[in-house]
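work13.cif follows (mmCIF, C-alpha atoms (C1' of nucleotides)):
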```
data_work
#
loop_
_atom_site.label_atom_id
_atom_site.label_comp_id
_atom_site.auth_asym_id
_atom_site.auth_seq_id
_atom_site.Cartn_x
_atom_site.Cartn_y
_atom_site.Cartn_z
CA MET A 1471 41.82 84.99 106.54
CA LYS A 1472 43.66 88.23 107.11
CA LEU A 1473 43.88 91.40 105.12
CA SER A 1474 47.43 92.19 104.07
CA THR A 1475 49.17 95.48 104.70
CA LYS A 1476 47.95 96.48 101.25
CA GLY A 1477 44.42 96.77 102.55
CA ARG A 1478 45.35 98.15 105.93
CA TYR A 1479 47.84 100.77 104.79
CA GLY A 1480 45.91 101.55 101.65
CA LEU A 1481 42.63 102.33 103.38
CA ARG A 1482 44.46 104.58 105.82
CA ALA A 1483 46.16 106.33 102.93
CA VAL A 1484 42.89 107.01 101.13
CA LEU A 1485 41.34 108.27 104.34
CA ASP A 1486 44.32 110.53 104.91
CA LEU A 1487 43.96 111.82 101.37
CA ALA A 1488 40.26 112.47 101.86
CA VAL A 1489 40.80 114.25 105.16
CA HIS A 1490 43.59 116.46 103.86
CA ALA A 1491 42.17 117.30 100.45
CA ASP A 1492 41.26 120.95 99.97
CA ASP A 1493 40.99 120.75 96.22
CA GLU A 1494 44.78 120.79 96.18
CA ALA A 1495 46.56 117.60 95.19
CA VAL A 1496 48.24 115.85 98.12
CA ALA A 1497 51.78 114.57 97.66
CA LEU A 1498 52.39 110.95 98.49
CA SER A 1499 55.35 111.93 100.65
CA GLN A 1500 53.00 113.79 102.98
CA ILE A 1501 50.64 110.84 103.31
CA ALA A 1502 53.55 108.49 103.84
CA GLU A 1503 54.99 110.66 106.59
CA ARG A 1504 51.70 111.23 108.40
CA GLN A 1505 50.81 107.56 108.28
CA GLY A 1506 54.30 106.22 108.92
CA ILE A 1507 54.36 104.09 105.78
CA SER A 1508 57.31 103.72 103.40
CA ILE A 1509 56.74 106.00 100.44
CA ASN A 1510 58.08 103.43 98.01
CA TYR A 1511 55.64 100.85 99.21
CA LEU A 1512 52.76 103.31 99.29
CA GLU A 1513 53.49 104.10 95.68
CA GLN A 1514 52.59 100.55 94.74
CA LEU A 1515 49.37 100.71 96.67
CA ILE A 1516 48.22 104.01 95.24
CA ALA A 1517 48.95 102.70 91.76
CA LYS A 1518 46.30 100.06 92.34
CA LEU A 1519 43.87 102.70 93.55
CA LYS A 1520 44.56 104.77 90.47
CA ARG A 1521 44.03 101.85 88.13
CA ALA A 1522 40.71 101.22 89.86
CA GLY A 1523 39.65 104.81 89.28
CA ILE A 1524 39.47 105.72 92.95
CA VAL A 1525 42.13 108.42 92.86
CA THR A 1526 43.53 110.65 90.15
CA SER A 1527 46.99 112.09 89.99
CA ILE A 1528 48.80 115.21 88.85
CA ARG A 1529 52.39 114.70 87.83
CA GLY A 1530 55.38 116.93 88.33
CA ALA A 1531 56.23 119.50 90.99
CA GLN A 1532 53.27 120.54 93.15
CA GLY A 1533 51.58 117.42 91.89
CA GLY A 1534 49.97 114.72 93.94
CA TYR A 1535 46.80 112.72 94.33
CA MET A 1536 43.13 113.51 94.68
CA LEU A 1537 39.98 111.48 95.10
CA ALA A 1538 38.39 110.74 91.75
CA ALA A 1539 34.88 111.13 93.23
CA PRO A 1540 33.20 112.69 96.27
CA ALA A 1541 33.88 110.76 99.47
CA ASP A 1542 30.25 109.77 99.81
CA GLU A 1543 30.37 108.00 96.47
CA ILE A 1544 33.36 105.83 97.36
CA SER A 1545 32.80 102.81 99.55
CA VAL A 1546 35.32 101.00 101.70
CA GLY A 1547 34.48 97.99 99.57
CA ASP A 1548 35.67 99.76 96.43
CA ILE A 1549 38.92 100.63 98.13
CA LEU A 1550 39.61 97.24 99.66
CA ARG A 1551 38.78 95.33 96.48
CA ALA A 1552 41.12 97.61 94.52
CA LEU A 1553 43.91 96.87 96.98
CA GLU A 1554 43.34 93.24 97.90
CA GLY A 1555 41.52 91.93 94.88
CA ASP A 1556 38.34 89.95 95.29
CA LEU A 1557 37.29 89.76 98.96
CA SER A 1558 35.88 86.24 98.67
CA PRO A 1559 37.30 83.72 101.20
CA VAL A 1560 38.22 81.39 98.35
CA ASP A 1561 39.36 81.95 94.79
CA CYS A 1562 36.54 82.30 92.33
CA SER A 1563 38.17 79.55 90.36
CA ILE A 1564 37.54 77.19 93.25
CA VAL A 1565 33.90 78.14 93.49
CA ASN A 1566 33.30 78.02 89.75
CA SER A 1567 35.40 75.14 88.65
CA ASN A 1568 35.73 71.67 89.96
CA GLU A 1569 38.15 71.36 92.81
CA GLY A 1570 36.30 68.20 93.70
CA ASN A 1571 33.19 68.90 91.70
CA CYS A 1572 29.91 67.25 92.39
CA ASP A 1573 31.43 63.83 92.34
CA ASN A 1574 32.09 65.00 95.84
CA ALA A 1575 28.88 66.32 97.35
CA ASP A 1576 30.77 67.84 100.27
CA SER A 1577 32.89 70.11 98.06
CA CYS A 1578 29.75 71.12 96.35
CA VAL A 1579 28.02 72.03 99.59
CA THR A 1580 30.90 73.96 101.11
CA LYS A 1581 30.80 76.27 98.11
CA TYR A 1582 27.54 77.66 99.43
CA VAL A 1583 29.31 78.43 102.67
CA TRP A 1584 32.02 80.39 100.88
CA LYS A 1585 29.36 82.25 98.95
CA ARG A 1586 27.56 83.30 102.10
CA ILE A 1587 30.76 84.49 103.73
CA SER A 1588 31.71 86.37 100.60
CA ASP A 1589 28.34 88.10 100.39
CA SER A 1590 28.41 89.14 104.01
CA ILE A 1591 31.88 90.63 103.71
CA ASN A 1592 31.01 92.54 100.57
CA ASP A 1593 27.74 93.80 101.99
CA ALA A 1594 29.53 95.03 105.09
CA VAL A 1595 32.26 96.95 103.31
CA ASP A 1596 30.00 98.35 100.62
CA ALA A 1597 27.75 99.81 103.30
CA ILE A 1598 30.57 101.93 104.70
CA LYS A 1599 31.24 105.07 102.67
CA LEU A 1600 34.53 106.90 102.82
CA ALA A 1601 32.64 110.04 103.86
CA GLU A 1602 31.59 108.35 107.10
CA LEU A 1603 35.18 107.62 107.95
CA VAL A 1604 36.24 111.15 107.13
CA ALA A 1605 33.61 112.52 109.49
CA GLU A 1606 34.61 110.08 112.20
CA SER A 1607 38.28 110.86 111.71
CA LYS A 1608 37.72 114.58 112.08
CA LYS A 1609 35.67 113.97 115.21
CA VAL A 1610 38.37 111.83 116.77
CA GLN A 1611 41.01 114.37 115.89
CA ALA A 1612 38.99 117.10 117.56
CA GLU A 1613 38.45 115.01 120.70
CA VAL A 1614 42.12 114.22 121.03
CA GLY A 1615 42.96 117.85 120.50
CA MET A 1616 40.76 119.12 123.30
CA THR A 1617 41.43 116.52 126.00
CA ASP A 1618 44.56 115.52 127.87
CA PRO A 1619 46.90 112.89 126.43
CA LYS A 1620 45.49 110.04 128.54
CA ALA A 1621 42.19 110.33 126.74
CA LYS A 1622 43.79 108.49 123.84
CA GLN A 1623 43.11 105.22 125.58
CA THR A 1624 39.35 105.45 125.16
CA CYS A 1625 39.93 104.91 121.50
CA GLY A 1626 42.14 101.86 121.58
CA LYS A 1627 39.79 98.98 122.21
CA MET B 921 41.80 87.74 102.53
CA LYS B 922 41.59 84.06 101.70
CA LEU B 923 40.91 81.01 103.77
CA SER B 924 43.78 78.54 103.66
CA THR B 925 43.43 74.87 102.82
CA LYS B 926 43.09 74.32 106.55
CA GLY B 927 39.65 75.84 106.52
CA ARG B 928 38.66 74.46 103.14
CA TYR B 929 39.82 70.89 103.64
CA GLY B 930 38.90 70.88 107.31
CA LEU B 931 35.29 71.87 106.81
CA ARG B 932 34.93 69.23 104.12
CA ALA B 933 36.45 66.65 106.43
CA VAL B 934 34.04 67.45 109.27
CA LEU B 935 31.14 67.35 106.86
CA ASP B 936 32.33 64.00 105.56
CA LEU B 937 32.59 62.75 109.11
CA ALA B 938 29.10 63.96 109.93
CA VAL B 939 27.62 62.41 106.80
CA HIS B 940 29.28 59.03 107.31
CA ALA B 941 28.87 58.70 111.07
CA ASP B 942 26.57 55.88 112.14
CA ASP B 943 27.69 55.90 115.75
CA GLU B 944 30.77 54.07 114.53
CA ALA B 945 34.04 55.93 114.60
CA VAL B 946 35.28 56.93 111.13
CA ALA B 947 38.93 56.35 110.31
CA LEU B 948 40.87 59.30 109.00
CA SER B 949 42.12 57.22 106.11
CA GLN B 950 38.55 56.88 104.83
CA ILE B 951 37.89 60.60 105.03
CA ALA B 952 41.20 61.33 103.36
CA GLU B 953 40.45 58.98 100.52
CA ARG B 954 36.89 60.15 99.93
CA GLN B 955 37.94 63.80 100.01
CA GLY B 956 41.20 63.40 98.15
CA ILE B 957 43.29 64.97 100.88
CA SER B 958 46.67 63.72 102.11
CA ILE B 959 46.09 61.76 105.29
CA ASN B 960 49.18 63.16 106.93
CA TYR B 961 48.04 66.69 106.36
CA LEU B 962 44.50 65.90 107.43
CA GLU B 963 45.90 64.58 110.68
CA GLN B 964 47.13 68.04 111.53
CA LEU B 965 43.78 69.57 110.77
CA ILE B 966 41.77 67.10 112.78
CA ALA B 967 44.14 67.63 115.70
CA LYS B 968 43.01 71.26 115.79
CA LEU B 969 39.39 70.17 115.69
CA LYS B 970 39.99 67.79 118.54
CA ARG B 971 41.70 70.41 120.66
CA ALA B 972 38.71 72.66 120.05
CA GLY B 973 36.35 69.97 121.26
CA ILE B 974 34.57 69.55 117.95
CA VAL B 975 35.51 65.91 117.41
CA THR B 976 36.50 63.08 119.71
CA SER B 977 38.71 60.15 118.86
CA ILE B 978 39.07 56.46 119.63
CA ARG B 979 42.57 55.09 119.39
CA GLY B 980 43.79 51.76 118.14
CA ALA B 981 42.42 49.31 115.62
CA GLN B 982 38.83 49.98 114.61
CA GLY B 983 39.31 53.44 116.07
CA GLY B 984 38.60 56.74 114.40
CA TYR B 985 36.83 60.04 114.90
CA MET B 986 33.33 61.12 115.84
CA LEU B 987 31.57 64.42 116.27
CA ALA B 988 31.70 65.55 119.88
CA ALA B 989 28.16 66.98 119.67
CA PRO B 990 25.07 66.65 117.50
CA ALA B 991 25.48 68.29 114.11
CA ASP B 992 22.85 70.91 114.87
CA GLU B 993 24.88 72.13 117.83
CA ILE B 994 28.06 72.69 115.82
CA SER B 995 28.30 75.79 113.66
CA VAL B 996 30.50 76.36 110.66
CA GLY B 997 31.93 79.23 112.68
CA ASP B 998 33.10 76.86 115.41
CA ILE B 999 34.80 74.69 112.80
CA LEU B 1000 36.45 77.48 110.84
CA ARG B 1001 37.71 79.28 113.93
CA ALA B 1002 39.20 76.01 115.21
CA LEU B 1003 41.03 75.54 111.92
CA GLU B 1004 41.97 79.06 110.92
CA GLY B 1005 42.12 80.83 114.24
CA ASP B 1006 40.30 84.09 114.73
CA LEU B 1007 38.33 85.06 111.61
CA SER B 1008 38.96 88.78 112.01
CA PRO B 1009 40.48 90.51 108.97
CA VAL B 1010 43.28 91.87 111.14
CA ASP B 1011 45.10 90.51 114.17
CA CYS B 1012 43.39 91.27 117.41
CA SER B 1013 46.65 92.77 118.56
CA ILE B 1014 46.32 95.40 115.85
CA VAL B 1015 42.80 96.29 116.86
CA ASN B 1016 43.53 96.34 120.56
CA SER B 1017 46.98 97.81 120.72
CA ASN B 1018 48.52 100.78 119.09
CA GLU B 1019 49.74 100.16 115.62
CA GLY B 1020 49.43 103.89 115.09
CA ASN B 1021 47.21 104.57 118.08
CA CYS B 1022 45.08 107.62 118.34
CA ASP B 1023 47.96 109.92 117.64
CA ASN B 1024 46.83 108.91 114.23
CA ALA B 1025 43.09 109.41 113.96
CA ASP B 1026 42.98 107.43 110.71
CA SER B 1027 44.36 104.25 112.26
CA CYS B 1028 41.87 104.69 115.00
CA VAL B 1029 38.96 105.00 112.60
CA THR B 1030 39.91 102.07 110.36
CA LYS B 1031 39.71 99.83 113.41
CA TYR B 1032 35.96 100.28 113.35
CA VAL B 1033 35.97 99.06 109.78
CA TRP B 1034 37.86 95.90 110.75
CA LYS B 1035 35.43 95.35 113.59
CA ARG B 1036 32.42 95.57 111.31
CA ILE B 1037 33.94 93.16 108.82
CA SER B 1038 34.84 90.78 111.61
CA ASP B 1039 31.34 90.86 113.08
CA SER B 1040 29.71 90.23 109.73
CA ILE B 1041 31.94 87.25 108.99
CA ASN B 1042 31.36 85.72 112.39
CA ASP B 1043 27.62 86.29 112.24
CA ALA B 1044 27.47 84.63 108.83
CA VAL B 1045 29.39 81.51 109.79
CA ASP B 1046 27.76 81.13 113.19
CA ALA B 1047 24.35 81.13 111.53
CA ILE B 1048 25.20 78.04 109.48
CA LYS B 1049 24.94 74.79 111.44
CA LEU B 1050 26.70 71.64 110.38
CA ALA B 1051 23.35 69.88 110.31
CA GLU B 1052 22.22 72.12 107.47
CA LEU B 1053 25.23 71.13 105.42
CA VAL B 1054 24.70 67.46 106.16
CA ALA B 1055 21.11 67.69 104.93
CA GLU B 1056 22.20 69.58 101.84
CA SER B 1057 24.99 67.11 101.16
CA LYS B 1058 22.67 64.14 101.33
CA LYS B 1059 20.24 65.89 99.02
CA VAL B 1060 22.96 66.63 96.47
CA GLN B 1061 24.22 63.09 96.65
CA ALA B 1062 20.73 61.75 96.01
CA GLU B 1063 20.23 64.09 93.06
CA VAL B 1064 23.49 63.07 91.47
CA GLY B 1065 22.65 59.45 92.02
CA MET B 1066 19.35 59.58 90.22
CA THR B 1067 20.25 61.73 87.22
CA ASP B 1068 22.63 61.26 84.34
CA PRO B 1069 26.27 62.34 84.66
CA LYS B 1070 25.76 65.66 82.87
CA ALA B 1071 23.53 66.86 85.70
CA LYS B 1072 26.67 67.49 87.71
CA GLN B 1073 27.08 70.80 85.99
CA THR B 1074 24.03 72.33 87.65
CA CYS B 1075 25.96 72.24 90.84
CA GLY B 1076 29.17 73.88 89.76
CA LYS B 1077 28.41 77.56 89.70
"C1'" DA C 354 50.81 36.86 122.69
"C1'" DG C 355 51.25 38.81 118.22
"C1'" DT C 356 49.84 41.60 114.55
"C1'" DA C 357 47.46 44.87 111.99
"C1'" DT C 358 45.18 49.08 112.43
"C1'" DA C 359 44.66 53.16 113.83
"C1'" DA C 360 45.46 57.76 116.47
"C1'" DC C 361 49.12 60.79 117.97
"C1'" DC C 362 53.39 63.65 117.66
"C1'" DA C 363 57.46 66.56 116.11
"C1'" DA C 364 60.50 68.15 112.75
"C1'" DG C 365 61.84 69.34 108.33
"C1'" DT C 366 61.19 71.33 103.56
"C1'" DA C 367 59.81 73.32 99.05
"C1'" DA C 368 57.02 76.70 97.05
"C1'" DA C 369 54.49 80.70 97.21
"C1'" DT C 370 53.34 85.06 98.96
"C1'" DT C 371 54.14 89.29 101.34
"C1'" DA C 372 56.29 93.40 102.42
"C1'" DA C 373 59.28 95.85 101.33
"C1'" DT C 374 63.75 98.18 99.02
"C1'" DA C 375 66.31 100.20 95.27
"C1'" DG C 376 67.10 102.82 91.44
"C1'" DG C 377 65.94 105.24 87.88
"C1'" DA C 378 62.85 107.62 83.94
"C1'" DA C 379 59.27 110.94 82.78
"C1'" DT C 380 56.65 115.16 83.85
"C1'" DT C 381 55.84 119.79 85.39
"C1'" DA C 382 55.65 124.19 88.42
"C1'" DA C 383 58.52 127.74 89.81
"C1'" DT D 1468 67.16 124.74 84.68
"C1'" DT D 1469 66.12 122.74 88.84
"C1'" DA D 1470 63.55 120.70 92.35
"C1'" DA D 1471 59.59 118.14 93.22
"C1'" DT D 1472 56.88 114.81 92.11
"C1'" DT D 1473 54.55 110.75 89.78
"C1'" DC D 1474 55.56 106.54 87.46
"C1'" DC D 1475 57.78 102.05 86.45
"C1'" DT D 1476 60.44 97.72 87.00
"C1'" DA D 1477 63.31 94.60 89.27
"C1'" DT D 1478 65.29 92.51 93.30
"C1'" DT D 1479 65.26 90.69 97.96
"C1'" DA D 1480 64.35 89.21 102.81
"C1'" DA D 1481 61.10 87.33 105.71
"C1'" DT D 1482 57.12 84.89 106.52
"C1'" DT D 1483 53.57 81.66 105.72
"C1'" DT D 1484 51.56 77.71 103.56
"C1'" DA D 1485 51.07 73.17 102.41
"C1'" DC D 1486 52.67 69.66 102.78
"C1'" DT D 1487 56.19 65.29 103.77
"C1'" DT D 1488 58.79 62.23 106.71
"C1'" DG D 1489 59.45 59.22 110.20
"C1'" DG D 1490 58.37 57.85 113.88
"C1'" DT D 1491 55.43 56.39 118.96
"C1'" DT D 1492 51.63 54.69 121.32
"C1'" DA D 1493 47.14 52.43 121.99
"C1'" DT D 1494 43.79 48.81 121.03
"C1'" DA D 1495 40.79 45.32 118.68
"C1'" DC D 1496 41.08 41.01 116.62
"C1'" DT D 1497 43.03 36.41 115.82
#
```

Take the structure in this file and express it as structure tokens.
Amino acid sequence: MKLSTKGRYGLRAVLDLAVHADDEAVALSQIAERQGISINYLEQLIAKLKRAGIVTSIRGAQGGYMLAAPADEISVGDILRALEGDLSPVDCSIVNSNEGNCDNADSCVTKYVWKRISDSINDAVDAIKLAELVAESKKVQAEVGMTDPKAKQTCGK
Amino acid sequence: MKLSTKGRYGLRAVLDLAVHADDEAVALSQIAERQGISINYLEQLIAKLKRAGIVTSIRGAQGGYMLAAPADEISVGDILRALEGDLSPVDCSIVNSNEGNCDNADSCVTKYVWKRISDSINDAVDAIKLAELVAESKKVQAEVGMTDPKAKQTCGK
DNA sequence: AGTATAACCAAGTAAATTAATAGGAATTAA
DNA sequence: TTAATTCCTATTAATTTACTTGGTTATACT
């Protein structure tokens, strides 16, 4: 029941992109370096984001990536689903088809459990817009900048 | 972001146990057969449930398993956490320690996302009591019993 | 007392998935 | 023309999952 590095790295990458975008395209190498993620791996993640229409790209020298929409129109849910696929705790095929269909009442009933988990996850991530994270990120950055190094710890937990 | 068969089979097994318990212990072999799960594998799952204090066992001939508490005092959350471990979308160690600590504001901010997902999952599963599922299961069973075979389909989706 | 039934335990294994790595082709600004 | 960059595909190492195997211990029943 864990997100893979796709979701973890990928969300950070999009956030980095959103924070550092000044209507110039941002090169993947910059994101990779700032976030400490292998550029080759990040390439695969951003490809998913592009396919999902979350980012656009400009090829060639001075090229890079940009958000395809304003940060307040992109939800964390959009991003995570693009990276991880469906966020349901079981495969749709299990819910829809008959891995122990109603011959087995218990299988049937547990499907409602999976549905409720799935809905709660999707509601949670759809409620968080990228813009919120950008604002929070800039705030944190500012705080760290103005206090002494030990202040970092307040953020950990 | 998927539950493993541990959670899926295990919840079904506990539900089966709850449905078929008439203050007699239920043998694992019966649960395994009814649910179509390998008994050897199920053994490993029920061991987790026992360690977590969700079921108790009686050894020897005529032995078996019983719920350790009334079904309305056991939540689906208790069961799934026993089987799957922590239901957070990332390892606690990532949230607590510094996989890119606040040197990297973005890592710092995404931790709040993981926390919100985690809370929503746990709230959802803790709100569902085993007793609810037992009632639902008995209802479904009754429905299937009294209608023709084709009625099964209403349950699938 | 003997036997069948059951829980309990530990180790091994095959398949799948994850998390990368590697190497190059296509595109474009300078 | 060159350097920077996206884009694409294939391979690989490590990890995790989903079992299987082969026992042992405990206990009711005869």

Range 998-1059 of chain B residues near range 980-993 of chain B within 7 Å, closest pair each, using all atoms listed in the file, as JSON lines:
```
{"residue": "B:Lys1049", "atom": "CA", "partner": "B:Asp992", "partner_atom": "CA", "distance": 5.6}
{"residue": "B:Leu1050", "atom": "CA", "partner": "B:Ala991", "partner_atom": "CA", "distance": 5.2}
{"residue": "B:Ala1051", "atom": "CA", "partner": "B:Ala991", "partner_atom": "CA", "distance": 4.6}
```

Residue subset to file, keeping C-alpha atoms, as an mmCIF file, in the coordinates of the input:
```cif
data_model
loop_
_atom_site.group_PDB
_atom_site.id
_atom_site.type_symbol
_atom_site.label_atom_id
_atom_site.label_comp_id
_atom_site.auth_asym_id
_atom_site.auth_seq_id
_atom_site.Cartn_x
_atom_site.Cartn_y
_atom_site.Cartn_z
ATOM 1 C CA LYS B 1049 24.940 74.790 111.440
ATOM 2 C CA LEU B 1050 26.700 71.640 110.380
ATOM 3 C CA ALA B 1051 23.350 69.880 110.310
#
```

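This file, queried with the PyMOL selection byres ((chain D) within 6 of (chain B)), gives the residues DA1493, DT1494 and DA1495 of chain D.
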
Determine the residue membership of the PyMOL selection byres ((chain B) within 8 of (chain A)) for the file above and supply it as a tab-separated table (two decimals) with C-alpha atoms, keeping the file's coordinate frame.
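Below is the file that was written, part_30.tsv:
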```
chain	number	residue	atom	x	y	z
B	921	MET	CA	41.80	87.74	102.53
B	922	LYS	CA	41.59	84.06	101.70
B	923	LEU	CA	40.91	81.01	103.77
B	924	SER	CA	43.78	78.54	103.66
B	931	LEU	CA	35.29	71.87	106.81
B	932	ARG	CA	34.93	69.23	104.12
B	935	LEU	CA	31.14	67.35	106.86
B	936	ASP	CA	32.33	64.00	105.56
B	954	ARG	CA	36.89	60.15	99.93
B	955	GLN	CA	37.94	63.80	100.01
B	1004	GLU	CA	41.97	79.06	110.92
B	1007	LEU	CA	38.33	85.06	111.61
B	1008	SER	CA	38.96	88.78	112.01
B	1009	PRO	CA	40.48	90.51	108.97
B	1010	VAL	CA	43.28	91.87	111.14
B	1011	ASP	CA	45.10	90.51	114.17
B	1015	VAL	CA	42.80	96.29	116.86
B	1016	ASN	CA	43.53	96.34	120.56
B	1017	SER	CA	46.98	97.81	120.72
B	1018	ASN	CA	48.52	100.78	119.09
B	1020	GLY	CA	49.43	103.89	115.09
B	1021	ASN	CA	47.21	104.57	118.08
B	1022	CYS	CA	45.08	107.62	118.34
B	1023	ASP	CA	47.96	109.92	117.64
B	1024	ASN	CA	46.83	108.91	114.23
B	1025	ALA	CA	43.09	109.41	113.96
B	1026	ASP	CA	42.98	107.43	110.71
B	1027	SER	CA	44.36	104.25	112.26
B	1028	CYS	CA	41.87	104.69	115.00
B	1029	VAL	CA	38.96	105.00	112.60
B	1030	THR	CA	39.91	102.07	110.36
B	1033	VAL	CA	35.97	99.06	109.78
B	1036	ARG	CA	32.42	95.57	111.31
B	1037	ILE	CA	33.94	93.16	108.82
B	1040	SER	CA	29.71	90.23	109.73
B	1041	ILE	CA	31.94	87.25	108.99
B	1044	ALA	CA	27.47	84.63	108.83
B	1045	VAL	CA	29.39	81.51	109.79
B	1048	ILE	CA	25.20	78.04	109.48
B	1053	LEU	CA	25.23	71.13	105.42
B	1056	GLU	CA	22.20	69.58	101.84
B	1057	SER	CA	24.99	67.11	101.16
B	1058	LYS	CA	22.67	64.14	101.33
B	1060	VAL	CA	22.96	66.63	96.47
B	1061	GLN	CA	24.22	63.09	96.65
B	1064	VAL	CA	23.49	63.07	91.47
B	1072	LYS	CA	26.67	67.49	87.71
B	1073	GLN	CA	27.08	70.80	85.99
B	1075	CYS	CA	25.96	72.24	90.84
B	1076	GLY	CA	29.17	73.88	89.76
B	1077	LYS	CA	28.41	77.56	89.70
```

Selected by the PyMOL selection byres ((chain C) within 8 of (chain A)) in the shown coordinates: which residues, as an mmCIF file with C-alpha atoms (C1' of nucleotides), in the coordinates of the input?
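The new file expr22.cif reads:
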```
data_model
loop_
_atom_site.group_PDB
_atom_site.id
_atom_site.type_symbol
_atom_site.label_atom_id
_atom_site.label_comp_id
_atom_site.auth_asym_id
_atom_site.auth_seq_id
_atom_site.Cartn_x
_atom_site.Cartn_y
_atom_site.Cartn_z
ATOM 1 C "C1'" DT C 371 54.140 89.290 101.340
ATOM 2 C "C1'" DA C 372 56.290 93.400 102.420
ATOM 3 C "C1'" DA C 373 59.280 95.850 101.330
ATOM 4 C "C1'" DT C 374 63.750 98.180 99.020
ATOM 5 C "C1'" DT C 380 56.650 115.160 83.850
ATOM 6 C "C1'" DT C 381 55.840 119.790 85.390
ATOM 7 C "C1'" DA C 382 55.650 124.190 88.420
#
```

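Reported to one decimal place, the separation of CA of Gly1480 in chain A from CA of Leu1519 in chain A is 8.4 Å.
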
Nearby residues, (56.9, 106.4, 85.0) file frame, 9 Å, all atoms listed in the file, as number ranges by chain | C: 378-380; D: 1473-1475

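The interatomic distance for the pair CA of Ser1527 in chain A and CA of Leu1553 in chain A works out to 17.0 Å.
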
Padding of 8 Å on every side, edges along x, y and z, all listed atoms of range 993-996 of chain B included: what centre and edge lengths in Å, to one decimal, does that box have, as JSON?
```
{"center_x": 27.7, "center_y": 74.2, "center_z": 114.2, "size_x": 21.6, "size_y": 20.2, "size_z": 23.2}
```

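With CA of Val946 in chain B on one side and CA of Glu963 in chain B on the other, the separation reads 13.1 Å.
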